[in-house]
Structures are given as structure tokens and as C-alpha cells.
Amino acid sequence: MAAGHSVEAHQWATETDRLLDRMAGRFARVETRRRAAGFLRGLLADLPRKNCWTIAEHAGDPDPYGMQHFLARASWDTDGVRDDLREYVIGALGEDDGVLVADETGDVKKGACTVGVQCQYTGTAGRIENAQVAVYLAYAGRGGHAMIDRELYLPKSWTENPDRLTVAGVPDEVEFATKPALATGMITRALAAGVPARWVTADEVYGADPALRAELEVQRVGYVLAIGCDRRVPTAAGPLRADEIAAGLPRRAWQQLSVGAGAKGQRVYEWAWTDHTEQAHREDPHDTQQWSLLIRRHPDTRELAFYRCYSPHPTPLRELVRVAGRRWSIEESFQAGKGLAGLDEHQVRGWTSWRRWTLLAMIAYALLAVIAARTDQPAETGLIALTCNEIRRLLTVLIIEPARGIACPLAWSNWRRRHQYRAKISHYRRRGFEPSTT
């Protein structure tokens, strides 16, 4: 094992088995449970591309049909496994002042048949693309962070086309919902399940939604939600734009605080805070709820960012800054989930397959995050703590690869060529050409 750490490879193998055992009751057949284990290990393996073909070959299967059946048609409790994931993450990372973080990410797609796809803006590409967009919910504690839930965003071009929904296998009860509404539903579900979260944070898409803010206030859960500079905030002088409030602040209102350690040191910004409780909602003089505007200023570029804040009890500026800094944890989860666990590499079209692939990728990343949280810090100088990236590499070399069965390379080569031949013939005939036999 790596020098400076007390963790042995068998402990990581035990952690992997413990996670699989937690979910075992959600699968109706032992074959499905084994398939789930093989799929999870394939997502963590060092494969150049992760899809049902490569994961099936990695698992030692003779063809991809079993893995495709596992995603699309096999009998297992998808939502139950989601609940198991949430409990697993909270059991390792949960704390009283944990933070729920909501955000969306997109996957650029070709064609129009993949569920939820349409030309829409996605931050992944930074422009309008033919893409599929989903909203994710992450849990962030001091020990680490991981995604615990997700919902696919279905544009009206889908929800207003029943035939299209039927072909993709979307359940009848699924209706159009905005991204903030999807986030609200996941947050409510997490809180109802007893997730220890005192705060919620998200970007401007969610900070602009009054229904989300109202639900959190009803639940007495604090929030630090980003808003645009042109959003109006209640003040004693009436509603004012956030940037107008910032422009009127004296120099003494600003102070430097760090939102946490980054790769190149502490991420220090200048912060200001204005209390708008009296102008917001207070009716009972004994009510301790607090509404405020938090303003962040970059020390070099002077660029401003704004956050609407609420807490059920008076909260110091440093705590609001801490919560604001937690928003970046979901960006890190996206990057690691895609880079290490194939979150964005699915080549599935249907509703059920998408939900299952993304769930399994979230589980794979959560395993890495939990191992990182439970691994002892370096006992010697000159070493950083084990990262999820390094843990995935060691997990693959020490545990996954030595234990896996090897599929016949020639059989898989023949299968791929045969499948590609059939696809070629089909494409030619669909376009009215006589296919060649070579």
C-alpha cells in the first residue's frame, strides 16, 4: 500500500463489498446482484470509454446483452438503491451543519431520440447545443462531498408530446417541471428522509426561484442562493437592485475571508453583508429568522457576486461565507463523477436506462469519496492526502483488475464486427442504397 497511510487494500475491498451488500436487497435475483457488482467495478475501471460494450467485456461477459438488459429491463428497485446511496453518503459524511447543493449539468448528444434531448443551453459546452440536461443534488460535509440524487429535465418539447414520452419509456405521472422545481423536489425528499442538512446553496437559476426559497423557509432550512446583479432586494428605501446596494456600501463594510482551501492556496475574497430582515417578513418580534444579502468581491478583478440568504436563527458572516463556498463542491463532484466514474458516458436512450446509469455512476463516485474520507491522513511529510483520483487508480490496480474474469478477446472482436456489419446494412437500406458486403 501507499507509504504514509495505514489503509490496506483489503480494507478498500471490504468497503466495496459493504456498499454492495447494502444494496443487495433491492435486486430480485442473485444474477442481477452480480451484474450490479460487475457494472460498478466497470465504471471504476480504467477503460478508455465506458458503455455497455466495454463494461460487459471488462466483466467477462460474452456480449453486452446482459448489461443492456440490466439497465433497461431487469427487475430491481431503482429508487430504493437511490435511497441506499443517500444513507451511505450520510453515514460517512453527514454532520449537523451539512450543506445540500443543487446544480444542473448537460451532456451533448447527437440525434433526437435520447430522452430529454433538445437544442438548449448547457454550461458543459458553454453554449446552446443539442443536449440532455439533468439537475443533481449533492451533500457536502467537512469530510467530503458526493451526489445523492438526480432528476432529468424534460423540456416542453417532450412533455407535450405523449408519443415521444411513450417511446422513451417515461412514466405517465411525469410532467413538465422547471429545474428549480426539480431541485425543490429532491431537497424535500432528502429532508423528509432525515438528511442532516442545515443549509442549501445553489447558483442563480435556483436563487431566482421564489417557490424554492419559500419551501426552504417553511422547512426552516437556511439558504445561500446566488442571484443576478439586477435582482431586487427589499430594503428600508424600498426594493433595490443588488448592485445598487453594493455600490452604496462604505469601505469598512468589506472584509477578507476565505471560502476554503484550493489547489493553489486559500480562496480569499472580499465580503460584505446587509441585513434586510425587517423589510422582508418579520411580523413576530420574538421571531429569530434572518434575511440578508451577501456580496462577494474578487480582490483583483473587483468582480461582484450576490447571494440571497436566509437562516432560521441569527448567523454570523463567516458562516454564510462558508456555505457560499460549498457551492463549488458540486462542480467538483461533476468533474470527478464524469472523469472517474463515467457519469456522462452513457449511450442509453430510455428513461429507465438513464436513471440507472446515472445512479450507478453516482454510487461509484460516492465509494471513492467515502474511502477518501475514511482514509488516515499522511503520517509523513511530503505527501498529500489520497485524492479520489489516486484512490480510483489504486483501487483498479490492486482490487478490481486482479479479481476480474477475462473475456475472450477474439470472441468480442467477432461480436463487434458482426454488430457493426448489421448496423451498416441497416443504415444503407434505410437510405435506399444497396449495401456492399465488405
# chains A, B, ... in the order shown; residues from 1 in each chain; ligands from 1
call {"tool": "residues_around", "arguments": {"residues": "Trp328 of chain A", "least_positions_apart": "3", "cutoff": "10 Å", "atoms": "only C-alpha atoms", "output": "list in words"}}
result
Val101, Asp103, Ala140, Thr201, Ala202, Asp203, Val259, Val323, Ala324, Gly325, Glu331, Glu332 and Ser333 of chain A
call {"tool": "select_by_dssp", "arguments": {"residues": "segment 208-394 of chain A", "states": "strand (DSSP E or B)", "output": "MDAnalysis selection string"}}
result
chainID A and resid 222:227 232:233 240:241 255:262 265:275 290:297 304:311
call {"tool": "write_last_selection", "arguments": {"atoms": "N, CA and C atoms", "output": "compact mmCIF listing (two decimals), in the first residue's frame"}}
result
# COMPACT_ATOMS: atom_id res chain seq x y z
N GLY A 222 -31.80 26.92 6.25
CA GLY A 222 -31.13 28.12 5.75
C GLY A 222 -30.70 27.96 4.31
N TYR A 223 -30.56 29.09 3.63
CA TYR A 223 -30.06 29.04 2.25
C TYR A 223 -29.13 30.20 1.97
N VAL A 224 -28.19 29.95 1.06
CA VAL A 224 -27.32 30.98 0.49
C VAL A 224 -27.37 30.74 -1.01
N LEU A 225 -28.24 31.48 -1.70
CA LEU A 225 -28.55 31.24 -3.10
C LEU A 225 -28.07 32.41 -3.95
N ALA A 226 -27.29 32.12 -4.97
CA ALA A 226 -26.77 33.18 -5.83
C ALA A 226 -27.91 33.83 -6.61
N ILE A 227 -27.79 35.12 -6.87
CA ILE A 227 -28.76 35.86 -7.67
C ILE A 227 -27.99 36.77 -8.63
N ARG A 232 -33.90 42.44 -7.44
CA ARG A 232 -34.25 43.44 -6.43
C ARG A 232 -34.40 42.78 -5.07
N VAL A 233 -33.89 43.50 -4.07
CA VAL A 233 -33.90 43.01 -2.69
C VAL A 233 -34.63 44.05 -1.84
N LEU A 240 -34.42 47.44 -4.04
CA LEU A 240 -33.28 47.95 -4.78
C LEU A 240 -32.55 46.80 -5.46
N ARG A 241 -31.92 47.12 -6.60
CA ARG A 241 -31.08 46.12 -7.27
C ARG A 241 -29.90 45.76 -6.38
N GLN A 255 -14.73 42.91 4.22
CA GLN A 255 -13.65 42.21 4.92
C GLN A 255 -13.25 40.97 4.15
N GLN A 256 -12.00 40.59 4.27
CA GLN A 256 -11.49 39.44 3.55
C GLN A 256 -11.70 38.16 4.36
N LEU A 257 -12.28 37.15 3.68
CA LEU A 257 -12.50 35.85 4.28
C LEU A 257 -12.26 34.78 3.24
N SER A 258 -11.80 33.63 3.67
CA SER A 258 -11.56 32.50 2.77
C SER A 258 -12.79 31.60 2.72
N VAL A 259 -13.08 31.09 1.51
CA VAL A 259 -14.18 30.11 1.37
C VAL A 259 -13.65 28.68 1.44
N GLY A 260 -12.34 28.54 1.68
CA GLY A 260 -11.77 27.21 1.80
C GLY A 260 -10.47 27.10 1.02
N ALA A 261 -9.81 25.97 1.21
CA ALA A 261 -8.53 25.74 0.55
C ALA A 261 -8.74 25.27 -0.87
N GLY A 262 -7.96 25.81 -1.79
CA GLY A 262 -7.96 25.36 -3.17
C GLY A 262 -6.65 24.70 -3.51
N GLY A 265 -3.89 27.27 -2.80
CA GLY A 265 -3.94 28.03 -1.56
C GLY A 265 -5.36 28.38 -1.18
N GLN A 266 -5.51 29.20 -0.15
CA GLN A 266 -6.82 29.62 0.32
C GLN A 266 -7.50 30.50 -0.74
N ARG A 267 -8.80 30.26 -0.91
CA ARG A 267 -9.58 31.06 -1.86
C ARG A 267 -10.18 32.25 -1.11
N VAL A 268 -9.47 33.36 -1.15
CA VAL A 268 -9.84 34.53 -0.36
C VAL A 268 -10.57 35.54 -1.24
N TYR A 269 -11.70 36.03 -0.74
CA TYR A 269 -12.47 37.08 -1.41
C TYR A 269 -12.80 38.16 -0.39
N GLU A 270 -13.27 39.29 -0.89
CA GLU A 270 -13.77 40.36 -0.03
C GLU A 270 -15.29 40.21 0.07
N TRP A 271 -15.81 40.33 1.28
CA TRP A 271 -17.24 40.08 1.53
C TRP A 271 -17.89 41.24 2.26
N ALA A 272 -19.15 41.45 1.91
CA ALA A 272 -19.98 42.43 2.64
C ALA A 272 -21.35 41.79 2.87
N TRP A 273 -22.03 42.27 3.88
CA TRP A 273 -23.29 41.63 4.30
C TRP A 273 -24.25 42.70 4.77
N THR A 274 -25.49 42.67 4.27
CA THR A 274 -26.51 43.63 4.69
C THR A 274 -27.75 42.88 5.16
N ASP A 275 -28.25 43.26 6.31
CA ASP A 275 -29.42 42.59 6.90
C ASP A 275 -30.69 43.28 6.42
N GLN A 290 -33.77 35.33 9.94
CA GLN A 290 -32.92 36.39 9.40
C GLN A 290 -32.84 36.28 7.88
N TRP A 291 -33.08 37.42 7.20
CA TRP A 291 -32.93 37.53 5.75
C TRP A 291 -31.84 38.55 5.45
N SER A 292 -31.01 38.27 4.47
CA SER A 292 -29.90 39.19 4.22
C SER A 292 -29.41 39.05 2.78
N LEU A 293 -28.56 39.99 2.40
CA LEU A 293 -27.88 39.95 1.11
C LEU A 293 -26.39 39.82 1.38
N LEU A 294 -25.77 38.82 0.76
CA LEU A 294 -24.34 38.60 0.87
C LEU A 294 -23.69 38.99 -0.45
N ILE A 295 -22.60 39.73 -0.38
CA ILE A 295 -21.93 40.22 -1.59
C ILE A 295 -20.47 39.77 -1.56
N ARG A 296 -20.02 39.18 -2.65
CA ARG A 296 -18.63 38.75 -2.78
C ARG A 296 -17.92 39.60 -3.83
N ARG A 297 -16.70 40.02 -3.54
CA ARG A 297 -15.93 40.82 -4.48
C ARG A 297 -14.54 40.19 -4.66
N LEU A 304 -18.17 41.25 -8.90
CA LEU A 304 -19.10 41.04 -7.80
C LEU A 304 -19.98 39.82 -8.04
N ALA A 305 -20.35 39.17 -6.95
CA ALA A 305 -21.35 38.10 -6.97
C ALA A 305 -22.28 38.33 -5.79
N PHE A 306 -23.55 37.95 -5.95
CA PHE A 306 -24.58 38.28 -4.96
C PHE A 306 -25.33 37.02 -4.53
N TYR A 307 -25.73 36.99 -3.23
CA TYR A 307 -26.43 35.84 -2.69
C TYR A 307 -27.58 36.32 -1.79
N ARG A 308 -28.76 35.78 -2.05
CA ARG A 308 -29.86 35.98 -1.10
C ARG A 308 -29.73 34.92 -0.03
N CYS A 309 -29.82 35.35 1.23
CA CYS A 309 -29.58 34.45 2.36
C CYS A 309 -30.78 34.44 3.31
N TYR A 310 -30.98 33.29 3.90
CA TYR A 310 -31.99 33.13 4.95
C TYR A 310 -31.46 32.15 5.97
N SER A 311 -31.73 32.42 7.23
CA SER A 311 -31.44 31.44 8.27
C SER A 311 -32.52 31.56 9.35
call {"tool": "closest_residue", "arguments": {"among": "A:Ala56, A:Ala253, A:Ile187, A:Leu43", "to": "Leu343 of chain A", "atoms": "only C-alpha atoms"}}
result
A:Leu43
call {"tool": "residues_around", "arguments": {"residues": "Gly169 of chain A", "least_positions_apart": "4", "cutoff": "9 Å", "atoms": "only C-alpha atoms", "output": "list of chain:residue names"}}
result
A:Val115, A:Arg164, A:Leu165, A:Gly350, A:Trp351, A:Thr352
call {"tool": "atom_distance", "arguments": {"atom1": "atom CA of Cys52 of chain A", "atom2": "atom CA of Leu360 of chain A"}}
result
12.7 Å
call {"tool": "closest_residue", "arguments": {"among": "A:Asp344, A:Glu15, A:Glu95, A:Glu434", "to": "Ala197 of chain A", "atoms": "only C-alpha atoms"}}
result
A:Glu95
call {"tool": "residues_around", "arguments": {"residues": "Thr288 of chain A", "least_positions_apart": "6", "cutoff": "8 Å", "atoms": "only C-alpha atoms", "output": "PyMOL selection string"}}
result
chain A and resi 312-314
call {"tool": "closest_residue", "arguments": {"among": "A:Ala92, A:Leu359, A:Val205, A:Ala168", "to": "Thr114 of chain A", "atoms": "only C-alpha atoms"}}
result
A:Ala168
call {"tool": "residues_around", "arguments": {"residues": "segment 340-342 of chain A", "least_positions_apart": "6", "cutoff": "12 Å", "atoms": "only C-alpha atoms", "output": "short mmCIF file (atom, residue, chain, number, x, y, z; two decimals) with N, CA and C atoms, in the first residue's frame"}}
result
data_model
loop_
_atom_site.label_atom_id
_atom_site.label_comp_id
_atom_site.auth_asym_id
_atom_site.auth_seq_id
_atom_site.Cartn_x
_atom_site.Cartn_y
_atom_site.Cartn_z
N PHE A 39 -21.05 -4.17 -13.01
CA PHE A 39 -21.24 -2.85 -13.63
C PHE A 39 -20.51 -1.78 -12.83
N LEU A 40 -20.64 -1.84 -11.50
CA LEU A 40 -20.00 -0.85 -10.64
C LEU A 40 -18.48 -0.90 -10.80
N ARG A 41 -17.93 -2.10 -10.83
CA ARG A 41 -16.48 -2.23 -10.98
C ARG A 41 -16.05 -1.76 -12.37
N GLY A 42 -16.89 -1.98 -13.37
CA GLY A 42 -16.56 -1.49 -14.71
C GLY A 42 -16.54 0.02 -14.77
N LEU A 43 -17.45 0.68 -14.06
CA LEU A 43 -17.46 2.14 -14.03
C LEU A 43 -16.21 2.70 -13.36
N LEU A 44 -15.65 1.95 -12.42
CA LEU A 44 -14.45 2.41 -11.73
C LEU A 44 -13.17 1.99 -12.44
N ALA A 45 -13.28 1.09 -13.39
CA ALA A 45 -12.10 0.57 -14.07
C ALA A 45 -11.50 1.63 -14.99
N ASP A 46 -10.26 1.39 -15.38
CA ASP A 46 -9.55 2.31 -16.26
C ASP A 46 -9.83 1.93 -17.71
N LEU A 47 -11.04 2.23 -18.16
CA LEU A 47 -11.44 1.93 -19.53
C LEU A 47 -11.37 3.20 -20.37
N PRO A 48 -10.95 3.09 -21.63
CA PRO A 48 -10.87 4.30 -22.47
C PRO A 48 -12.23 4.92 -22.73
N ARG A 49 -13.27 4.11 -22.72
CA ARG A 49 -14.64 4.57 -22.91
C ARG A 49 -15.56 3.64 -22.14
N LYS A 50 -16.54 4.19 -21.43
CA LYS A 50 -17.41 3.37 -20.61
C LYS A 50 -18.82 3.33 -21.20
N ASN A 51 -19.20 2.16 -21.68
CA ASN A 51 -20.56 1.92 -22.15
C ASN A 51 -20.86 0.44 -21.91
N CYS A 52 -22.03 -0.01 -22.29
CA CYS A 52 -22.40 -1.40 -22.00
C CYS A 52 -21.45 -2.40 -22.67
N THR A 54 -18.08 -2.00 -23.37
CA THR A 54 -16.79 -2.09 -22.69
C THR A 54 -16.93 -2.63 -21.27
N ILE A 55 -18.01 -2.25 -20.58
CA ILE A 55 -18.22 -2.73 -19.21
C ILE A 55 -18.51 -4.23 -19.22
N ASP A 107 -25.18 16.95 -21.09
CA ASP A 107 -24.40 16.04 -21.92
C ASP A 107 -24.79 16.28 -23.38
N GLU A 332 -17.05 20.11 -8.42
CA GLU A 332 -16.01 19.09 -8.26
C GLU A 332 -16.60 17.69 -8.38
N SER A 333 -17.82 17.51 -7.87
CA SER A 333 -18.48 16.20 -8.00
C SER A 333 -18.77 15.89 -9.46
N PHE A 334 -19.22 16.88 -10.22
CA PHE A 334 -19.46 16.66 -11.65
C PHE A 334 -18.16 16.26 -12.35
N TRP A 357 -28.15 4.25 -15.09
CA TRP A 357 -26.75 4.53 -15.36
C TRP A 357 -26.25 5.65 -14.45
N THR A 358 -26.97 6.77 -14.41
CA THR A 358 -26.51 7.89 -13.59
C THR A 358 -26.44 7.52 -12.11
N LEU A 359 -27.39 6.72 -11.65
CA LEU A 359 -27.38 6.28 -10.25
C LEU A 359 -26.14 5.45 -9.95
N LEU A 360 -25.82 4.49 -10.81
CA LEU A 360 -24.66 3.64 -10.59
C LEU A 360 -23.37 4.45 -10.66
N ALA A 361 -23.30 5.43 -11.55
CA ALA A 361 -22.12 6.29 -11.61
C ALA A 361 -21.99 7.12 -10.34
N MET A 362 -23.09 7.60 -9.80
CA MET A 362 -23.07 8.34 -8.55
C MET A 362 -22.59 7.45 -7.40
N ILE A 363 -23.02 6.19 -7.41
CA ILE A 363 -22.59 5.24 -6.39
C ILE A 363 -21.09 5.00 -6.49
N ALA A 364 -20.58 4.83 -7.72
CA ALA A 364 -19.15 4.60 -7.91
C ALA A 364 -18.34 5.78 -7.37
N TYR A 365 -18.78 6.99 -7.66
CA TYR A 365 -18.06 8.16 -7.16
C TYR A 365 -18.19 8.27 -5.64
N ALA A 366 -19.37 7.97 -5.10
CA ALA A 366 -19.57 8.04 -3.65
C ALA A 366 -18.63 7.09 -2.93
N LEU A 367 -18.39 5.90 -3.50
CA LEU A 367 -17.46 4.96 -2.90
C LEU A 367 -16.07 5.58 -2.77
N LEU A 368 -15.61 6.26 -3.83
CA LEU A 368 -14.30 6.91 -3.78
C LEU A 368 -14.29 8.01 -2.72
N ALA A 369 -15.37 8.81 -2.66
CA ALA A 369 -15.42 9.91 -1.70
C ALA A 369 -15.42 9.41 -0.26
N THR A 387 -6.35 11.42 -2.88
CA THR A 387 -7.48 12.01 -3.57
C THR A 387 -8.35 10.91 -4.18
N CYS A 388 -9.56 11.28 -4.60
CA CYS A 388 -10.43 10.31 -5.27
C CYS A 388 -9.77 9.77 -6.54
N ASN A 389 -9.05 10.63 -7.23
CA ASN A 389 -8.37 10.20 -8.45
C ASN A 389 -7.34 9.13 -8.15
N GLU A 390 -6.53 9.36 -7.12
CA GLU A 390 -5.50 8.38 -6.76
C GLU A 390 -6.11 7.11 -6.19
N ILE A 391 -7.18 7.26 -5.42
CA ILE A 391 -7.86 6.08 -4.87
C ILE A 391 -8.43 5.22 -5.99
N ARG A 392 -9.03 5.85 -7.00
CA ARG A 392 -9.56 5.09 -8.13
C ARG A 392 -8.45 4.31 -8.82
N ARG A 393 -7.29 4.96 -8.99
CA ARG A 393 -6.17 4.30 -9.66
C ARG A 393 -5.69 3.09 -8.85
N LEU A 395 -7.38 1.48 -6.49
CA LEU A 395 -8.47 0.52 -6.39
C LEU A 395 -8.50 -0.38 -7.63
N THR A 396 -8.29 0.23 -8.79
CA THR A 396 -8.29 -0.53 -10.04
C THR A 396 -7.13 -1.51 -10.10
#
call {"tool": "atom_distance", "arguments": {"atom1": "atom CA of Ile330 of chain A", "atom2": "atom CA of Thr122 of chain A"}}
result
15.7 Å
call {"tool": "atom_distance", "arguments": {"atom1": "atom CA of Gly94 of chain A", "atom2": "atom CA of Asp79 of chain A"}}
result
20.5 Å
call {"tool": "closest_residue", "arguments": {"among": "A:Arg150, A:Arg220, A:Ser353, A:Ile384", "to": "Gln289 of chain A", "atoms": "only C-alpha atoms"}}
result
A:Arg220
call {"tool": "select_by_dssp", "arguments": {"residues": "segment 154-367 of chain A", "states": "alpha helix (DSSP H)", "output": "number ranges by chain"}}
result
A: 156-159, 162-168, 179-192, 204-207, 210-218, 242-247, 277-280, 317-326, 328-341, 351-367
call {"tool": "closest_residue", "arguments": {"among": "A:Tyr65, A:Thr159, A:Leu394, A:Asn414", "to": "Asp172 of chain A", "atoms": "only C-alpha atoms"}}
result
A:Thr159
call {"tool": "decode", "arguments": {"residues": "segment 180-206 of chain A", "atoms": "N, CA and C atoms", "output": "JSON list (two decimals), in the first residue's frame"}}
result
[["chain", "number", "residue", "atom", "x", "y", "z"],
["A", 180, "PRO", "N", -35.51, 24.55, -11.08],
["A", 180, "PRO", "CA", -35.68, 24.79, -9.64],
["A", 180, "PRO", "C", -36.74, 23.89, -9.00],
["A", 181, "ALA", "N", -37.80, 23.57, -9.75],
["A", 181, "ALA", "CA", -38.82, 22.67, -9.20],
["A", 181, "ALA", "C", -38.26, 21.27, -8.98],
["A", 182, "LEU", "N", -37.43, 20.80, -9.91],
["A", 182, "LEU", "CA", -36.78, 19.50, -9.74],
["A", 182, "LEU", "C", -35.86, 19.52, -8.52],
["A", 183, "ALA", "N", -35.12, 20.61, -8.36],
["A", 183, "ALA", "CA", -34.24, 20.73, -7.20],
["A", 183, "ALA", "C", -35.05, 20.76, -5.90],
["A", 184, "THR", "N", -36.16, 21.49, -5.91],
["A", 184, "THR", "CA", -37.02, 21.56, -4.71],
["A", 184, "THR", "C", -37.52, 20.18, -4.33],
["A", 185, "GLY", "N", -37.94, 19.40, -5.32],
["A", 185, "GLY", "CA", -38.43, 18.05, -5.04],
["A", 185, "GLY", "C", -37.35, 17.17, -4.43],
["A", 186, "MET", "N", -36.13, 17.24, -4.94],
["A", 186, "MET", "CA", -35.05, 16.41, -4.39],
["A", 186, "MET", "C", -34.66, 16.87, -2.99],
["A", 187, "ILE", "N", -34.62, 18.18, -2.76],
["A", 187, "ILE", "CA", -34.29, 18.69, -1.43],
["A", 187, "ILE", "C", -35.35, 18.26, -0.43],
["A", 188, "THR", "N", -36.62, 18.39, -0.81],
["A", 188, "THR", "CA", -37.71, 17.98, 0.08],
["A", 188, "THR", "C", -37.61, 16.49, 0.40],
["A", 189, "ARG", "N", -37.29, 15.69, -0.61],
["A", 189, "ARG", "CA", -37.16, 14.24, -0.41],
["A", 189, "ARG", "C", -36.01, 13.93, 0.56],
["A", 190, "ALA", "N", -34.90, 14.64, 0.40],
["A", 190, "ALA", "CA", -33.76, 14.41, 1.29],
["A", 190, "ALA", "C", -34.08, 14.81, 2.72],
["A", 191, "LEU", "N", -34.72, 15.95, 2.90],
["A", 191, "LEU", "CA", -35.07, 16.40, 4.26],
["A", 191, "LEU", "C", -36.08, 15.47, 4.91],
["A", 192, "ALA", "N", -37.03, 14.98, 4.12],
["A", 192, "ALA", "CA", -38.03, 14.04, 4.66],
["A", 192, "ALA", "C", -37.38, 12.73, 5.10],
["A", 193, "ALA", "N", -36.26, 12.39, 4.47],
["A", 193, "ALA", "CA", -35.56, 11.15, 4.83],
["A", 193, "ALA", "C", -34.62, 11.35, 6.01],
["A", 194, "GLY", "N", -34.58, 12.56, 6.56],
["A", 194, "GLY", "CA", -33.77, 12.82, 7.73],
["A", 194, "GLY", "C", -32.34, 13.20, 7.45],
["A", 195, "VAL", "N", -32.04, 13.67, 6.25],
["A", 195, "VAL", "CA", -30.68, 14.10, 5.93],
["A", 195, "VAL", "C", -30.30, 15.29, 6.82],
["A", 196, "PRO", "N", -29.18, 15.22, 7.53],
["A", 196, "PRO", "CA", -28.80, 16.32, 8.43],
["A", 196, "PRO", "C", -28.20, 17.48, 7.65],
["A", 197, "ALA", "N", -29.05, 18.35, 7.16],
["A", 197, "ALA", "CA", -28.61, 19.50, 6.38],
["A", 197, "ALA", "C", -29.20, 20.76, 6.98],
["A", 198, "ARG", "N", -28.35, 21.67, 7.35],
["A", 198, "ARG", "CA", -28.81, 22.95, 7.91],
["A", 198, "ARG", "C", -28.90, 24.02, 6.83],
["A", 199, "TRP", "N", -28.27, 23.75, 5.66],
["A", 199, "TRP", "CA", -28.18, 24.76, 4.63],
["A", 199, "TRP", "C", -28.41, 24.17, 3.25],
["A", 200, "VAL", "N", -28.81, 25.06, 2.34],
["A", 200, "VAL", "CA", -28.90, 24.75, 0.91],
["A", 200, "VAL", "C", -28.22, 25.88, 0.16],
["A", 201, "THR", "N", -27.46, 25.54, -0.87],
["A", 201, "THR", "CA", -26.86, 26.56, -1.72],
["A", 201, "THR", "C", -26.96, 26.14, -3.17],
["A", 202, "ALA", "N", -27.03, 27.11, -4.06],
["A", 202, "ALA", "CA", -27.17, 26.84, -5.49],
["A", 202, "ALA", "C", -26.86, 28.12, -6.26],
["A", 203, "ASP", "N", -26.83, 28.02, -7.59],
["A", 203, "ASP", "CA", -26.47, 29.18, -8.40],
["A", 203, "ASP", "C", -27.69, 30.03, -8.73],
["A", 204, "GLU", "N", -27.54, 30.96, -9.67],
["A", 204, "GLU", "CA", -28.56, 31.97, -9.93],
["A", 204, "GLU", "C", -29.87, 31.40, -10.46],
["A", 205, "VAL", "N", -29.80, 30.28, -11.18],
["A", 205, "VAL", "CA", -31.03, 29.67, -11.70],
["A", 205, "VAL", "C", -31.99, 29.34, -10.56],
["A", 206, "TYR", "N", -31.44, 28.93, -9.45],
["A", 206, "TYR", "CA", -32.24, 28.50, -8.30],
["A", 206, "TYR", "C", -32.50, 29.65, -7.33]]
